[in-house]
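What follows is one structure encoded as structure tokens, with my remarks underneath.
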Amino acid sequence: MAVVGWEKKYSAILKEFGYSKKSDLKSAKLLNSLLKSNFPLNQLQSKVIGQDVFVIGAGPSLQSCLSILKRFSHITKIVADGAALALIENKIVPDILVTDLDGDEKSLKKIGKGKTIMVVHAHGDNVDKLELVSKFKNCIGTTQTKEFGKIHNFGGFTDGDRCVFLAKHFKAKKIILLGMDFGNKIGKYSKSKIKSRKIKIKKLRRGKKLLEWIASKNSSEFYTTSKPIKGFKKIHYNELDRILVDENAF
């Protein structure tokens, strides 16, 4: 189930953006019917619980952290779908990809054929894209509304903050953001899918507020290598050696 208090946050999102709960639920029902099986959550949990994880977004700072991701290849990578293309170009495989299917379709299909766990989100605006789940080997369905059937609700709004909510839900030890900038500049790996820059920025601001809220529920340690977020400790790349203590990693 979603974190306590999520329903109130979801109601505020519906009001702010003029979305329809009925449409979200309709999309979730379609996704539920399209999923071939109920993917075992313990397989996802095993990648996260008690682990240090990277949450990777498609913000402007993404390119500067690609070498870091290669160096710390042993760390679980939870990726927002806008960043998928950049990772593929650099031969980096996500452990978990969180998507509402508005990213690069070729990248999603390529990643979905492998071992990556695809966490596909249904909402009122992506009904026409949900058929893509038939191309994915390992797939979990999510919604912002009620849970039912094969559909889960871990909380979160945008792909990026949903990654963090998922990591928190499955009790990651340390959650470290890379390429998650939440500023007024949109990264190049997001631009191809932006219909309205104004709405995109508005969504990023809402996503940042949600991260500040989830960070106030202190069962995980939160860090960001990008722009400051309340509740997340701002760190530089050269501090990761100290934070990610693993004698066998180097």
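Residues in the structure tokens are named by chain (A, B, ... in the order shown) and by number from 1 within that chain; ligands are numbered from 1 in the order shown.
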
*Using the chain letters and numbers from this document, which residues of stretch 19-132 of chain A does DSSP assign to helix (DSSP H, G or I), as an MDAnalysis selection string?*
chainID A and resid 21:34 41:48 63:71 81:89 105:112 127:132

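Surrounding stretch 214-231 of chain A within 9 Å are A:Val3, A:Gly59, A:Ser61, A:Cys65, A:Val164, A:Phe165, A:Ala167, A:Lys168, A:Lys171, A:Ala172, A:Lys173, A:Lys174, A:Ile175, A:Ile176, A:Leu177, A:Leu178, A:Gly179, A:Met180, A:Asp181, A:Phe182, A:Gly183, A:Lys208, A:Lys209, A:His236, A:Tyr237, with only C-alpha atoms counted and residues fewer than 5 positions along the same chain left out.
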
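Residue nearest A:Pro94, chosen from A:Arg242, A:Leu130, A:Gln63, A:Val55 and counting only C-alpha atoms: A:Val55.
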
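For stretch 61-190 of chain A, backbone-based DSSP assignment of strand (DSSP E) covers Thr76, Lys77, Ile78, Val79, Ala80, Ile96, Leu97, Val98, Thr99, Ile117, Met118, Val119, Val120, His121, Cys139, Ile140, Gly141, Thr142, Ile151, His152, Lys174, Ile175, Ile176, Leu177 and Leu178 of chain A.
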
N, CA, C and O atoms of the current selection, written as a short mmCIF file (atom, residue, chain, number, x, y, z; two decimals), in the first residue's frame:
data_model
loop_
_atom_site.label_atom_id
_atom_site.label_comp_id
_atom_site.auth_asym_id
_atom_site.auth_seq_id
_atom_site.Cartn_x
_atom_site.Cartn_y
_atom_site.Cartn_z
N THR A 76 22.41 -0.85 -6.68
CA THR A 76 21.11 -0.96 -7.34
C THR A 76 20.73 0.37 -7.97
O THR A 76 20.78 1.42 -7.31
N LYS A 77 20.33 0.31 -9.23
CA LYS A 77 19.97 1.52 -9.98
C LYS A 77 18.47 1.52 -10.27
O LYS A 77 17.98 0.67 -11.01
N ILE A 78 17.75 2.49 -9.69
CA ILE A 78 16.33 2.67 -9.96
C ILE A 78 16.22 3.90 -10.85
O ILE A 78 16.61 5.00 -10.47
N VAL A 79 15.70 3.71 -12.06
CA VAL A 79 15.83 4.72 -13.12
C VAL A 79 14.47 5.24 -13.59
O VAL A 79 13.56 4.46 -13.87
N ALA A 80 14.36 6.56 -13.68
CA ALA A 80 13.19 7.18 -14.30
C ALA A 80 13.33 7.06 -15.81
O ALA A 80 14.42 7.24 -16.35
N ILE A 96 15.94 -1.48 -12.02
CA ILE A 96 14.51 -1.20 -11.98
C ILE A 96 14.25 0.05 -12.81
O ILE A 96 14.95 1.06 -12.65
N LEU A 97 13.29 -0.01 -13.71
CA LEU A 97 12.94 1.16 -14.53
C LEU A 97 11.50 1.56 -14.22
O LEU A 97 10.57 0.75 -14.36
N VAL A 98 11.31 2.79 -13.79
CA VAL A 98 9.99 3.32 -13.45
C VAL A 98 9.51 4.19 -14.60
O VAL A 98 10.18 5.15 -14.97
N THR A 99 8.36 3.85 -15.18
CA THR A 99 7.94 4.53 -16.40
C THR A 99 6.43 4.65 -16.52
O THR A 99 5.67 3.77 -16.09
N ILE A 117 13.53 -4.94 -14.06
CA ILE A 117 12.14 -4.95 -13.62
C ILE A 117 11.49 -3.64 -14.07
O ILE A 117 11.93 -2.55 -13.69
N MET A 118 10.46 -3.73 -14.89
CA MET A 118 9.77 -2.57 -15.44
C MET A 118 8.56 -2.26 -14.54
O MET A 118 7.64 -3.08 -14.41
N VAL A 119 8.58 -1.09 -13.93
CA VAL A 119 7.47 -0.67 -13.07
C VAL A 119 6.65 0.34 -13.87
O VAL A 119 7.02 1.50 -13.99
N VAL A 120 5.56 -0.14 -14.45
CA VAL A 120 4.76 0.66 -15.39
C VAL A 120 3.57 1.30 -14.68
O VAL A 120 2.77 0.62 -14.04
N HIS A 121 3.47 2.60 -14.85
CA HIS A 121 2.44 3.39 -14.17
C HIS A 121 1.30 3.72 -15.13
O HIS A 121 1.52 4.19 -16.25
N CYS A 139 7.40 -7.29 -15.42
CA CYS A 139 6.61 -6.06 -15.37
C CYS A 139 5.68 -6.01 -14.15
O CYS A 139 4.99 -6.99 -13.84
N ILE A 140 5.70 -4.85 -13.50
CA ILE A 140 4.82 -4.57 -12.36
C ILE A 140 3.95 -3.37 -12.74
O ILE A 140 4.45 -2.40 -13.30
N GLY A 141 2.68 -3.41 -12.41
CA GLY A 141 1.77 -2.30 -12.71
C GLY A 141 1.53 -1.45 -11.48
O GLY A 141 1.40 -1.97 -10.36
N THR A 142 1.47 -0.11 -11.67
CA THR A 142 1.20 0.79 -10.55
C THR A 142 0.14 1.82 -10.92
O THR A 142 -0.14 2.06 -12.10
N ILE A 151 -2.27 -4.57 -9.69
CA ILE A 151 -1.89 -3.15 -9.67
C ILE A 151 -1.57 -2.69 -8.25
O ILE A 151 -2.36 -2.90 -7.32
N HIS A 152 -0.41 -2.05 -8.11
CA HIS A 152 0.08 -1.60 -6.80
C HIS A 152 0.15 -0.07 -6.73
O HIS A 152 0.15 0.61 -7.76
N LYS A 174 20.01 3.57 2.04
CA LYS A 174 20.38 4.91 1.59
C LYS A 174 19.84 5.13 0.19
O LYS A 174 19.98 4.27 -0.68
N ILE A 175 19.22 6.27 -0.03
CA ILE A 175 18.67 6.63 -1.33
C ILE A 175 19.43 7.85 -1.83
O ILE A 175 19.38 8.91 -1.22
N ILE A 176 20.15 7.67 -2.93
CA ILE A 176 21.03 8.72 -3.44
C ILE A 176 20.56 9.15 -4.83
O ILE A 176 20.48 8.33 -5.75
N LEU A 177 20.24 10.42 -4.98
CA LEU A 177 19.73 10.94 -6.25
C LEU A 177 20.86 11.38 -7.16
O LEU A 177 21.78 12.10 -6.74
N LEU A 178 20.77 10.99 -8.43
CA LEU A 178 21.68 11.45 -9.47
C LEU A 178 20.85 11.88 -10.67
O LEU A 178 19.91 11.19 -11.07
#

**Study point:** Contact residues around A:Gly5 with only C-alpha atoms at 10 Å, ignoring same-chain residues under 5 positions, as a list of chain:residue names
**Key:** A:Tyr10, A:Gly155, A:Trp213

Give me a file of those residues, with all heavy atoms, as a CSV table (one decimal), in the first residue's frame.
chain,number,residue,atom,x,y,z
A,10,TYR,N,-2.6,12.9,-3.3
A,10,TYR,CA,-3.1,12.6,-4.6
A,10,TYR,C,-4.3,13.5,-5.0
A,10,TYR,O,-4.4,14.0,-6.1
A,10,TYR,CB,-3.6,11.1,-4.7
A,10,TYR,CG,-4.3,10.7,-5.9
A,10,TYR,CD1,-3.8,11.0,-7.2
A,10,TYR,CD2,-5.5,10.0,-5.9
A,10,TYR,CE1,-4.4,10.6,-8.4
A,10,TYR,CE2,-6.1,9.6,-7.0
A,10,TYR,CZ,-5.6,9.9,-8.3
A,10,TYR,OH,-6.3,9.5,-9.4
A,155,GLY,N,3.0,5.1,-4.2
A,155,GLY,CA,3.0,6.5,-4.0
A,155,GLY,C,3.9,7.2,-5.1
A,155,GLY,O,4.6,6.6,-5.8
A,213,TRP,N,8.4,15.8,1.4
A,213,TRP,CA,7.4,15.1,2.3
A,213,TRP,C,7.9,13.7,2.7
A,213,TRP,O,7.9,13.4,3.8
A,213,TRP,CB,6.0,15.1,1.6
A,213,TRP,CG,5.0,14.4,2.4
A,213,TRP,CD1,4.5,14.7,3.6
A,213,TRP,CD2,4.3,13.2,2.0
A,213,TRP,NE1,3.5,13.8,4.0
A,213,TRP,CE2,3.4,12.9,3.0
A,213,TRP,CE3,4.3,12.4,0.8
A,213,TRP,CZ2,2.5,11.8,3.0
A,213,TRP,CZ3,3.5,11.3,0.8
A,213,TRP,CH2,2.6,11.0,1.8

* Could you give me, as a ChimeraX atom specification, the residues within 10 Å of stretch 19-35 of chain A, counting only C-alpha atoms and dropping anything in the same chain fewer than 6 positions from it? => /A:10-11,13,120-134,136,138-152

Please write the residues from the selection above to a file, keeping C-alpha atoms, as a CSV table (one decimal), in the first residue's frame.
chain,number,residue,atom,x,y,z
A,10,TYR,CA,-3.1,12.6,-4.6
A,11,SER,CA,-6.3,14.7,-4.2
A,13,ILE,CA,-2.5,16.7,-7.5
A,120,VAL,CA,4.8,0.7,-15.4
A,121,HIS,CA,2.4,3.4,-14.2
A,122,ALA,CA,-1.1,3.8,-15.5
A,123,HIS,CA,-2.8,7.2,-15.6
A,124,GLY,CA,-5.5,8.9,-17.6
A,125,ASP,CA,-3.1,10.2,-20.3
A,126,ASN,CA,-1.3,7.0,-21.3
A,127,VAL,CA,-4.1,4.5,-22.0
A,128,ASP,CA,-3.0,4.4,-25.7
A,129,LYS,CA,0.5,3.3,-24.7
A,130,LEU,CA,-0.2,0.5,-22.2
A,131,GLU,CA,-0.1,-2.2,-24.9
A,132,LEU,CA,3.7,-1.8,-24.6
A,133,VAL,CA,3.7,-4.0,-21.5
A,134,SER,CA,3.4,-7.0,-23.8
A,136,PHE,CA,8.3,-6.5,-21.3
A,138,ASN,CA,9.4,-8.5,-16.0
A,139,CYS,CA,6.6,-6.1,-15.4
A,140,ILE,CA,4.8,-4.6,-12.4
A,141,GLY,CA,1.8,-2.3,-12.7
A,142,THR,CA,1.2,0.8,-10.5
A,143,THR,CA,-1.5,3.4,-10.1
A,144,GLN,CA,-2.1,6.6,-8.0
A,145,THR,CA,-5.6,5.3,-7.1
A,146,LYS,CA,-6.6,2.2,-5.2
A,147,GLU,CA,-4.7,-1.1,-5.4
A,148,PHE,CA,-6.4,-4.1,-6.9
A,149,GLY,CA,-5.6,-7.2,-8.9
A,150,LYS,CA,-2.0,-6.9,-10.2
A,151,ILE,CA,-1.9,-3.1,-9.7
A,152,HIS,CA,0.1,-1.6,-6.8

Restricting to only C-alpha atoms, whichever of A:Ile243, A:Asp100, A:Arg206, A:Asp95 is closest to A:Gln45 is A:Asp95

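In this structure, atom CA of A:Cys163 sits 19.2 Å away from atom CA of A:Glu105.
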
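Candidate residues A:Ala84, A:Leu14, A:Val53, A:Leu211 were compared for distance to A:Gly156, and the nearest is A:Leu211, using only C-alpha atoms.
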
Exercise for the section: May I have the residues within 10 Å of A:Lys202 as a ChimeraX atom specification, using only C-alpha atoms and disregarding those fewer than 3 positions away in the same chain? Expected result: /A:16-17,182,184,196-199,205-208

Selection from above, C-alpha atoms, as a PDB file, in the first residue's frame, can you write it?
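Result saved to out_3.pdb:
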ATOM      1  CA  GLU A  16      -3.796  21.304  -9.163  1.00  0.00           C
ATOM      2  CA  PHE A  17      -3.508  19.707 -12.610  1.00  0.00           C
ATOM      3  CA  PHE A 182      14.045  19.672 -10.111  1.00  0.00           C
ATOM      4  CA  ASN A 184      13.842  25.349 -14.295  1.00  0.00           C
ATOM      5  CA  SER A 196       4.451  22.047 -22.519  1.00  0.00           C
ATOM      6  CA  ARG A 197       7.543  23.405 -20.768  1.00  0.00           C
ATOM      7  CA  LYS A 198       5.344  25.273 -18.294  1.00  0.00           C
ATOM      8  CA  ILE A 199       3.497  22.114 -17.244  1.00  0.00           C
ATOM      9  CA  ARG A 205       7.984  21.459  -8.527  1.00  0.00           C
ATOM     10  CA  ARG A 206       5.227  19.153  -7.325  1.00  0.00           C
ATOM     11  CA  GLY A 207       7.627  16.206  -7.480  1.00  0.00           C
ATOM     12  CA  LYS A 208      10.163  18.095  -5.372  1.00  0.00           C
TER      13      LYS A 208
END

A:Thr116 proximity check over A:Lys233, A:Lys36, A:Lys8, A:Lys137, using only C-alpha atoms: winner is A:Lys137

Atom CA of A:Leu69 sits from atom CA of A:Asp161 at a separation of 19.2 Å

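Closest to A:Gly103 among A:Lys115, A:Leu85, A:Arg71, A:Ala2 is A:Leu85, based on only C-alpha atoms.
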